[in-house]
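Enquirer: One file is attached below, upload_24.cif, containing mmCIF, C-alpha atoms and all ligand atoms.
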```cif
data_my_file
#
loop_
_atom_site.group_PDB
_atom_site.id
_atom_site.type_symbol
_atom_site.label_atom_id
_atom_site.label_comp_id
_atom_site.auth_asym_id
_atom_site.auth_seq_id
_atom_site.Cartn_x
_atom_site.Cartn_y
_atom_site.Cartn_z
ATOM 1 C CA MET T 267 -110.547 108.449 247.446
ATOM 2 C CA THR T 268 -110.837 107.058 250.952
ATOM 3 C CA THR T 269 -109.286 103.741 251.863
ATOM 4 C CA GLN T 270 -111.699 100.872 252.139
ATOM 5 C CA ILE T 271 -112.022 99.063 255.466
ATOM 6 C CA ARG T 272 -110.964 95.468 254.930
ATOM 7 C CA VAL T 273 -113.487 93.239 256.697
ATOM 8 C CA THR T 274 -113.594 89.448 257.012
ATOM 9 C CA ALA T 275 -117.042 88.079 257.897
ATOM 10 C CA TRP T 276 -116.531 84.662 259.458
ATOM 11 C CA GLY T 277 -119.418 82.224 259.886
ATOM 12 C CA GLU T 278 -119.282 78.616 260.987
ATOM 13 C CA ASN T 279 -121.966 77.799 258.365
ATOM 14 C CA VAL T 280 -123.243 74.676 260.117
ATOM 15 C CA HIS T 281 -126.921 75.360 260.948
ATOM 16 C CA GLU T 282 -127.491 76.782 257.448
ATOM 17 C CA ARG T 283 -126.429 73.467 255.917
ATOM 18 C CA GLU T 284 -128.091 71.138 258.420
ATOM 19 C CA ASN T 285 -131.301 72.807 259.600
ATOM 20 C CA PRO T 286 -134.072 73.451 257.000
ATOM 21 C CA ILE T 287 -135.532 76.404 258.977
ATOM 22 C CA VAL T 288 -132.181 78.181 259.013
ATOM 23 C CA ALA T 289 -131.435 77.223 255.378
ATOM 24 C CA GLU T 290 -134.688 78.861 254.304
ATOM 25 C CA ILE T 291 -133.890 82.123 256.114
ATOM 26 C CA TYR T 292 -130.233 82.200 255.049
ATOM 27 C CA PRO T 293 -129.976 80.251 251.755
ATOM 28 C CA ASP T 294 -126.495 81.694 251.076
ATOM 29 C CA GLY T 295 -125.316 81.269 254.666
ATOM 30 C CA MET T 296 -125.413 83.819 257.482
ATOM 31 C CA HIS T 297 -121.876 84.972 256.711
ATOM 32 C CA ASN T 298 -122.974 86.211 253.269
ATOM 33 C CA THR T 299 -126.003 88.071 254.664
ATOM 34 C CA ILE T 300 -123.768 89.696 257.293
ATOM 35 C CA ALA T 301 -121.193 90.554 254.602
ATOM 36 C CA HIS T 302 -123.892 92.210 252.429
ATOM 37 C CA ALA T 303 -125.116 94.264 255.413
ATOM 38 C CA ILE T 304 -121.595 95.551 256.070
ATOM 39 C CA SER T 305 -120.994 96.324 252.369
ATOM 40 C CA GLU T 306 -124.162 98.412 252.019
ATOM 41 C CA ASP T 307 -122.537 101.859 252.320
ATOM 42 C CA GLY T 308 -119.688 101.003 249.953
ATOM 43 C CA ASP T 309 -116.864 101.904 252.336
ATOM 44 C CA CYS T 310 -115.906 98.311 253.179
ATOM 45 C CA GLU T 311 -114.274 95.584 251.170
ATOM 46 C CA VAL T 312 -115.761 92.444 252.705
ATOM 47 C CA ARG T 313 -114.605 88.885 252.239
ATOM 48 C CA THR T 314 -116.156 85.835 253.875
ATOM 49 C CA ALA T 315 -114.619 82.779 255.501
ATOM 50 C CA THR T 316 -116.130 79.692 257.100
ATOM 51 C CA LEU T 317 -115.193 76.832 259.389
ATOM 52 C CA HIS T 318 -115.037 74.481 256.380
ATOM 53 C CA ASP T 319 -112.378 76.439 254.466
ATOM 54 C CA PRO T 320 -108.731 75.356 254.848
ATOM 55 C CA GLU T 321 -107.479 76.911 258.096
ATOM 56 C CA HIS T 322 -111.124 78.085 258.493
ATOM 57 C CA GLY T 323 -110.327 80.725 255.853
ATOM 58 C CA LEU T 324 -108.205 82.598 258.393
ATOM 59 C CA THR T 325 -104.677 82.142 257.084
ATOM 60 C CA GLY T 326 -101.893 84.454 258.217
ATOM 61 C CA ASP T 327 -102.230 86.318 254.928
ATOM 62 C CA VAL T 328 -106.002 86.826 255.271
ATOM 63 C CA LEU T 329 -105.670 88.082 258.855
ATOM 64 C CA GLU T 330 -102.754 90.324 257.933
ATOM 65 C CA ASN T 331 -105.063 91.971 255.393
ATOM 66 C CA THR T 332 -108.084 92.217 257.701
ATOM 67 C CA ASP T 333 -108.850 95.445 259.593
ATOM 68 C CA VAL T 334 -111.947 94.043 261.302
ATOM 69 C CA LEU T 335 -112.919 90.400 261.833
ATOM 70 C CA VAL T 336 -116.648 89.747 262.381
ATOM 71 C CA TRP T 337 -117.428 86.368 263.998
ATOM 72 C CA TRP T 338 -120.637 84.312 264.087
ATOM 73 C CA GLY T 339 -120.501 80.833 265.618
ATOM 74 C CA HIS T 340 -122.825 78.617 267.620
ATOM 75 C CA ALA T 341 -122.856 74.856 267.010
ATOM 76 C CA ALA T 342 -119.173 74.230 266.382
ATOM 77 C CA HIS T 343 -117.091 76.465 268.658
ATOM 78 C CA GLY T 344 -115.016 73.431 269.681
ATOM 79 C CA LYS T 345 -114.126 72.621 266.060
ATOM 80 C CA VAL T 346 -112.192 75.865 265.597
ATOM 81 C CA ALA T 347 -108.481 74.971 265.633
ATOM 82 C CA ASP T 348 -106.506 76.424 268.536
ATOM 83 C CA GLU T 349 -103.723 77.412 266.146
ATOM 84 C CA VAL T 350 -106.160 79.662 264.251
ATOM 85 C CA VAL T 351 -107.462 81.117 267.520
ATOM 86 C CA GLU T 352 -103.891 82.047 268.548
ATOM 87 C CA ARG T 353 -103.411 83.764 265.188
ATOM 88 C CA VAL T 354 -106.632 85.758 265.646
ATOM 89 C CA LEU T 355 -105.615 86.835 269.174
ATOM 90 C CA ALA T 356 -102.188 87.974 268.008
ATOM 91 C CA ARG T 357 -103.799 90.147 265.324
ATOM 92 C CA VAL T 358 -106.260 91.659 267.828
ATOM 93 C CA TRP T 359 -103.332 92.567 270.096
ATOM 94 C CA GLN T 360 -101.665 94.219 267.091
ATOM 95 C CA GLY T 361 -104.774 96.286 266.340
ATOM 96 C CA MET T 362 -107.306 94.253 264.320
ATOM 97 C CA GLY T 363 -110.899 94.956 265.371
ATOM 98 C CA PHE T 364 -113.003 91.979 266.507
ATOM 99 C CA ILE T 365 -116.809 91.894 266.509
ATOM 100 C CA ALA T 366 -118.450 88.920 268.217
ATOM 101 C CA LEU T 367 -122.096 88.310 267.306
ATOM 102 C CA HIS T 368 -124.806 86.624 269.363
ATOM 103 C CA SER T 369 -123.805 83.054 270.352
ATOM 104 C CA SER T 370 -120.168 83.938 269.670
ATOM 105 C CA HIS T 371 -120.064 84.908 273.356
ATOM 106 C CA TYR T 372 -118.958 81.262 273.660
ATOM 107 C CA SER T 373 -116.555 81.312 270.691
ATOM 108 C CA LYS T 374 -112.935 80.453 271.454
ATOM 109 C CA PRO T 375 -111.481 83.840 270.395
ATOM 110 C CA PHE T 376 -114.034 85.875 272.392
ATOM 111 C CA MET T 377 -113.656 83.726 275.512
ATOM 112 C CA ARG T 378 -109.870 83.975 275.305
ATOM 113 C CA LEU T 379 -110.050 87.746 274.865
ATOM 114 C CA MET T 380 -112.370 88.097 277.858
ATOM 115 C CA GLY T 381 -110.707 85.535 280.134
ATOM 116 C CA THR T 382 -113.998 84.676 281.869
ATOM 117 C CA SER T 383 -116.749 82.066 281.403
ATOM 118 C CA CYS T 384 -118.867 84.455 279.245
ATOM 119 C CA SER T 385 -122.035 82.610 280.312
ATOM 120 C CA ILE T 386 -125.528 84.061 279.993
ATOM 121 C CA SER T 387 -129.098 82.951 280.700
ATOM 122 C CA TRP T 388 -131.349 82.278 277.712
ATOM 123 C CA ARG T 389 -134.796 81.261 276.458
ATOM 124 C CA GLU T 390 -136.092 80.470 272.963
ATOM 125 C CA ALA T 391 -139.669 81.791 272.864
ATOM 126 C CA GLY T 392 -139.747 84.129 269.838
ATOM 127 C CA GLU T 393 -140.378 87.096 272.144
ATOM 128 C CA LYS T 394 -139.846 90.806 271.447
ATOM 129 C CA GLU T 395 -136.545 92.563 272.236
ATOM 130 C CA ARG T 396 -136.181 96.321 272.751
ATOM 131 C CA LEU T 397 -132.599 97.548 272.477
ATOM 132 C CA TRP T 398 -132.133 100.814 274.363
ATOM 133 C CA VAL T 399 -129.322 103.153 273.349
ATOM 134 C CA CYS T 400 -127.422 103.962 276.556
ATOM 135 C CA ASN T 401 -124.771 106.058 274.893
ATOM 136 C CA PRO T 402 -126.345 108.202 272.108
ATOM 137 C CA ALA T 403 -123.037 109.912 271.304
ATOM 138 C CA HIS T 404 -121.252 106.623 270.648
ATOM 139 C CA PRO T 405 -120.299 106.033 266.986
ATOM 140 C CA ILE T 406 -121.842 102.543 267.127
ATOM 141 C CA ALA T 407 -125.270 104.060 267.978
ATOM 142 C CA ARG T 408 -125.194 106.592 265.123
ATOM 143 C CA GLY T 409 -128.522 106.820 263.282
ATOM 144 C CA ILE T 410 -130.397 104.819 265.907
ATOM 145 C CA ASP T 411 -133.186 106.586 267.816
ATOM 146 C CA ARG T 412 -133.773 106.095 271.588
ATOM 147 C CA TYR T 413 -134.268 102.382 270.958
ATOM 148 C CA PHE T 414 -135.073 99.857 268.279
ATOM 149 C CA GLU T 415 -137.060 96.646 268.444
ATOM 150 C CA ILE T 416 -136.827 93.169 266.993
ATOM 151 C CA GLU T 417 -140.137 91.323 266.966
ATOM 152 C CA ASN T 418 -138.989 87.712 267.438
ATOM 153 C CA VAL T 419 -135.779 86.785 269.188
ATOM 154 C CA GLU T 420 -134.116 84.287 271.455
ATOM 155 C CA MET T 421 -133.718 85.936 274.879
ATOM 156 C CA TYR T 422 -130.309 86.411 276.495
ATOM 157 C CA GLY T 423 -130.431 87.594 280.112
ATOM 158 C CA GLU T 424 -128.071 88.789 282.792
ATOM 159 C CA PRO T 425 -125.800 87.855 284.382
ATOM 160 C CA PHE T 426 -123.449 88.081 281.387
ATOM 161 C CA ALA T 427 -120.174 86.768 282.820
ATOM 162 C CA VAL T 428 -117.719 89.088 281.084
ATOM 163 C CA PRO T 429 -115.251 91.624 282.499
ATOM 164 C CA THR T 430 -116.874 95.020 283.082
ATOM 165 C CA PRO T 431 -117.101 96.549 279.585
ATOM 166 C CA ASP T 432 -115.238 99.765 278.757
ATOM 167 C CA GLU T 433 -118.499 101.075 277.286
ATOM 168 C CA ILE T 434 -122.081 99.840 277.131
ATOM 169 C CA VAL T 435 -123.788 101.031 273.950
ATOM 170 C CA PHE T 436 -127.051 99.040 274.151
ATOM 171 C CA ILE T 437 -129.089 97.415 276.897
ATOM 172 C CA SER T 438 -131.886 95.043 275.882
ATOM 173 C CA TRP T 439 -135.231 94.550 277.518
ATOM 174 C CA PHE T 440 -137.183 91.422 276.645
ATOM 175 C CA GLU T 441 -140.920 90.783 276.598
ATOM 176 C CA GLY T 442 -140.471 88.132 279.298
ATOM 177 C CA GLY T 443 -138.897 90.728 281.624
ATOM 178 C CA GLU T 444 -135.137 90.052 281.510
ATOM 179 C CA VAL T 445 -132.476 92.606 280.592
ATOM 180 C CA PHE T 446 -129.050 92.176 278.981
ATOM 181 C CA ARG T 447 -125.996 94.268 278.098
ATOM 182 C CA SER T 448 -126.444 93.795 274.341
ATOM 183 C CA GLY T 449 -123.743 96.053 272.944
ATOM 184 C CA CYS T 450 -120.453 96.235 274.827
ATOM 185 C CA THR T 451 -116.922 97.364 273.997
ATOM 186 C CA TRP T 452 -113.501 96.406 275.309
ATOM 187 C CA LYS T 453 -109.912 96.963 274.220
ATOM 188 C CA ARG T 454 -107.363 94.166 274.292
ATOM 189 C CA GLY T 455 -103.831 95.151 273.336
ATOM 190 C CA ASN T 456 -104.253 97.590 270.461
ATOM 191 C CA GLY T 457 -107.485 95.993 269.191
ATOM 192 C CA LYS T 458 -111.037 97.183 269.702
ATOM 193 C CA ILE T 459 -113.691 94.580 270.523
ATOM 194 C CA PHE T 460 -117.459 94.875 270.226
ATOM 195 C CA TYR T 461 -119.985 92.272 271.338
ATOM 196 C CA PHE T 462 -123.431 92.601 269.716
ATOM 197 C CA ARG T 463 -126.205 90.289 270.898
ATOM 198 C CA PRO T 464 -128.816 90.060 268.082
ATOM 199 C CA GLY T 465 -128.536 87.194 265.629
ATOM 200 C CA HIS T 466 -130.219 83.922 266.542
ATOM 201 C CA GLU T 467 -130.106 81.689 263.446
ATOM 202 C CA ALA T 468 -133.805 80.662 263.523
ATOM 203 C CA TYR T 469 -135.040 84.269 262.995
ATOM 204 C CA PRO T 470 -134.276 86.647 260.069
ATOM 205 C CA ILE T 471 -132.414 89.081 262.341
ATOM 206 C CA TYR T 472 -129.570 90.017 259.975
ATOM 207 C CA TYR T 473 -132.152 91.446 257.538
ATOM 208 C CA ASN T 474 -133.335 93.976 260.166
ATOM 209 C CA LYS T 475 -132.324 97.482 259.021
ATOM 210 C CA ASP T 476 -131.280 98.695 262.469
ATOM 211 C CA VAL T 477 -129.206 95.578 263.147
ATOM 212 C CA ARG T 478 -127.510 96.070 259.779
ATOM 213 C CA ARG T 479 -126.824 99.721 260.580
ATOM 214 C CA VAL T 480 -125.229 98.780 263.904
ATOM 215 C CA LEU T 481 -123.009 96.241 262.111
ATOM 216 C CA ARG T 482 -121.742 98.956 259.742
ATOM 217 C CA ASN T 483 -121.250 101.444 262.579
ATOM 218 C CA ALA T 484 -119.386 98.843 264.610
ATOM 219 C CA VAL T 485 -117.021 97.952 261.781
ATOM 220 C CA ARG T 486 -116.131 101.631 261.292
ATOM 221 C CA TRP T 487 -115.586 102.060 265.028
ATOM 222 C CA ALA T 488 -113.450 98.906 265.382
ATOM 223 C CA THR T 489 -111.122 99.551 262.462
ATOM 224 C CA SER T 490 -107.589 100.452 263.456
ATOM 225 C CA ASP T 491 -105.834 103.616 262.384
ATOM 226 C CA GLY T 492 -103.199 101.410 260.772
ATOM 227 C CA VAL T 493 -100.794 101.531 263.683
ATOM 228 C CA LYS T 494 -99.584 98.043 264.506
ATOM 229 C CA TRP T 495 -98.273 97.321 267.940
ATOM 230 C CA ILE T 496 -95.870 94.412 267.594
ATOM 231 C CA ASP T 497 -95.317 92.820 270.985
ATOM 232 C CA SER T 498 -91.819 91.396 270.548
ATOM 233 C CA CYS T 499 -90.567 91.535 274.169
ATOM 234 C CA PRO T 500 -87.291 93.322 273.333
ATOM 235 C CA ARG T 501 -84.194 92.874 275.524
ATOM 236 C CA ILE T 502 -82.532 96.184 276.535
ATOM 237 C CA ASP T 503 -78.874 95.718 277.457
ATOM 238 C CA VAL T 504 -77.332 97.627 280.394
ATOM 239 C CA GLU T 505 -75.307 99.864 278.073
ATOM 240 C CA ASP T 506 -78.447 100.720 276.079
ATOM 241 C CA ALA T 507 -80.399 101.996 279.107
ATOM 242 C CA PRO T 508 -81.579 105.594 278.598
ATOM 243 C CA GLU T 509 -79.698 106.580 281.772
ATOM 244 C CA GLU T 510 -76.254 105.349 282.755
ATOM 245 C CA ILE T 511 -76.498 102.456 285.197
ATOM 246 C CA THR T 512 -73.981 100.009 286.600
ATOM 247 C CA MET T 513 -74.507 96.306 286.542
ATOM 248 C CA LYS T 514 -75.330 95.096 290.033
ATOM 249 C CA GLY T 515 -76.367 91.567 289.093
ATOM 250 C CA PRO T 516 -77.041 88.782 289.458
ATOM 251 C CA SER T 517 -78.137 88.129 285.883
ATOM 252 C CA ILE T 518 -79.230 84.744 284.645
ATOM 253 C CA HIS T 519 -79.340 85.856 281.013
ATOM 254 C CA LYS T 520 -76.233 85.863 278.851
ATOM 255 C CA LYS T 521 -75.560 88.919 276.729
ATOM 256 C CA GLY T 522 -77.084 88.544 273.269
ATOM 257 C CA GLU T 523 -79.473 85.851 274.420
ATOM 258 C CA ALA T 524 -83.042 86.271 273.223
ATOM 259 C CA GLY T 525 -85.654 87.139 275.825
ATOM 260 C CA LEU T 526 -87.430 84.277 277.541
ATOM 261 C CA ARG T 527 -91.165 84.430 276.844
HETATM 262 ZN ZN ZN C 601 -129.106 81.762 269.445
#
```
Go ahead and express the file in the form of structure tokens.
Expert:
Amino acid sequence: MTTQIRVTAWGENVHERENPIVAEIYPDGMHNTIAHAISEDGDCEVRTATLHDPEHGLTGDVLENTDVLVWWGHAAHGKVADEVVERVLARVWQGMGFIALHSSHYSKPFMRLMGTSCSISWREAGEKERLWVCNPAHPIARGIDRYFEIENVEMYGEPFAVPTPDEIVFISWFEGGEVFRSGCTWKRGNGKIFYFRPGHEAYPIYYNKDVRRVLRNAVRWATSDGVKWIDSCPRIDVEDAPEEITMKGPSIHKKGEAGLR
């Protein structure tokens, strides 16, 4: 029996409760539709969490037992508590995978992980998007042909103000002419990060079979091998150096004192 990948699908669940168009497309909330897509192959144990849960559903215990955190946010990025964001970052550095969807390019955890403005250009015209596979051998592109299309989307265009990705898996072309790096990977600490563009709340994008396949591929790719890198900033005393050294000073730290962070 293989071990299940423990996934937490986080959604802010604001538009679904406040906008009738979105509520009709996602009556159970986008987070549940995303969770169902990820569960489809039976190799993931998926729980959901939303902004409205205590601690946004991301307690230390939940994060400790999450291999991959999938994040969808748009209207309420600023309402996510900084304390929870710090907790998410610490887990990514340890090795938890993080998948940021669509408008989550402006979510607090993604922006902190990138360290840049993460801005884009955009247009809401219900136009067609063609997502080209630029790296057919990448595990996230498995099962996708040369490209796939989504009939009605909100356009995101370059420049996408993120650090140069480690890998670009998809590039989108839009009916209006713009292009965008739609599927990008980075590593921060021990954690793998994937940004995936599709997912505007006013269109039924998380029911698209290719989008759902990419979500499953991405979760498998982002899961850690179980190794946790705990960044504890250890102090190594002179006598514990691997080679013999003599103290030449000066030293402002007293012996036995914890490291200054
Ligand atoms: Zn959108």
Enquirer: Would you mind reading off the distance between atom CA of T:Gly295 and atom CA of T:His322, one decimal, in Å?
Expert: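 Between atom CA of T:Gly295 and atom CA of T:His322 the gap is 15.0 Å.
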Enquirer: Could you please extract the residues within 6 Å of ligand ZN 601 (chain C), counting only C-alpha atoms and all ligand atoms, and hand them back as a PyMOL selection string?
Expert: chain T and resi 369+420+466
Enquirer: Mind listing whatever residues come within 9 Å of the point (-118.7, 77.1, 258.2)? Use only C-alpha atoms, file coordinates, and give them as JSON, numbers by chain.
Expert: {"T": [276, 277, 278, 279, 280, 281, 282, 283, 295, 297, 315, 316, 317, 318, 319, 322, 339, 342]}
Enquirer: Nearest to T:Asn418: which of T:Arg357, T:Arg396, T:Lys475, T:His404 is it, counting only C-alpha atoms?
Expert: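 Once distances to T:Asn418 are computed over only C-alpha atoms, the minimum belongs to T:Arg396.
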Enquirer: Hey, could you pull the box centre and edge lengths for stretch 424-437 of chain T, axis-aligned, 4 Å padding per side, all listed atoms, to one decimal in Å, as JSON?
Expert:
```
{"center_x": -122.2, "center_y": 93.9, "center_z": 279.2, "size_x": 21.9, "size_y": 22.3, "size_z": 18.4}
```
Enquirer: Which polymer residues have any atom within 10 Å of an atom of T:Gly381, counting all atoms listed in the file, with same-chain residues fewer than 6 positions away left out, as a ChimeraX atom specification?
Expert: /T:375,427-429
Enquirer: Write a file of the just-selected residues containing C-alpha atoms, as a PDB file, in the frame of the given file.
Expert:
```
ATOM      1  CA  PRO T 375    -111.481  83.840 270.395  1.00  0.00           C
ATOM      2  CA  ALA T 427    -120.174  86.768 282.820  1.00  0.00           C
ATOM      3  CA  VAL T 428    -117.719  89.088 281.084  1.00  0.00           C
ATOM      4  CA  PRO T 429    -115.251  91.624 282.499  1.00  0.00           C
TER       5      PRO T 429
END
```
Enquirer: Please compute the atom CA of T:Cys310-atom CA of T:Lys345 distance, one decimal, in Å.
Expert: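 It comes out at 28.8 Å.
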Enquirer: Counting only C-alpha atoms, what is within 12 Å of T:Val328, bar same-chain residues fewer than 3 positions away, as a VMD selection string?
Expert: chain T and resid 272 to 276 312 to 315 320 to 325 331 to 335 350 353 to 354 357 362
Enquirer: List as an NGL selection string the residues having at least one atom at most 12 Å from position (-120.9, 86.2, 268.2) as given in the file, counting only C-alpha atoms.
Expert: :T and (275-278 or 296-297 or 300 or 335-341 or 343 or 364-377 or 384 or 448-449 or 459-467 or 481)
Enquirer: Could you tell me which residues the PyMOL selection byres (((chain T and resi 489) around 8) and not hetatm) grabs in this file, written as a ChimeraX atom specification?
Expert: /T:271,333-334,362-363,458,485-488,490-491
Enquirer: Expanded to explicit residues, what is the PyMOL selection byres (((chain T and resi 493) around 9) and not hetatm) for this file, as a list in words?
Expert: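 That expression, the PyMOL selection byres (((chain T and resi 493) around 9) and not hetatm), corresponds here to Gln360, Gly361, Asn456, Ser490, Asp491, Gly492, Lys494 and Trp495 of chain T.
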Enquirer: Measuring atom to atom with only C-alpha atoms, identify which of T:Arg482, T:Pro470, T:Ser517, T:Glu444 is nearest to T:Pro293.
Expert: T:Pro470
Enquirer: Considering only C-alpha atoms, state which residue in the set T:Ile518, T:Ile287, T:Val346, T:Cys450 is at the smallest distance from T:Ile406.
Expert: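 Of the candidates, the smallest distance to T:Ile406 is held by T:Cys450.
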Enquirer: Spell out the residues picked by the PyMOL selection byres (((chain T and resi 435-441) around 7) and not hetatm) here, as a list of chain:residue names.
Expert: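 Output of the PyMOL selection byres (((chain T and resi 435-441) around 7) and not hetatm): T:Glu393, T:Lys394, T:Glu395, T:Arg396, T:Leu397, T:Trp398, T:Val399, T:Cys400, T:Asn401, T:His404, T:Ala407, T:Met421, T:Glu433, T:Ile434, T:Gly442, T:Gly443, T:Glu444, T:Val445, T:Phe446, T:Arg447, T:Ser448, T:Gly449, T:Cys450.
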Enquirer: To one decimal place in Å, what is the distance between atom CA of T:Asp476 and atom CA of T:Glu415?
Expert: 8.6 Å
Enquirer: So which one's closest to T:Asp497, T:Val358, T:Thr512, T:Pro402, T:Gly423? Using all atoms listed in the file, please.
Expert: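 Among T:Val358, T:Thr512, T:Pro402, T:Gly423, it is T:Val358 that comes nearest to T:Asp497.
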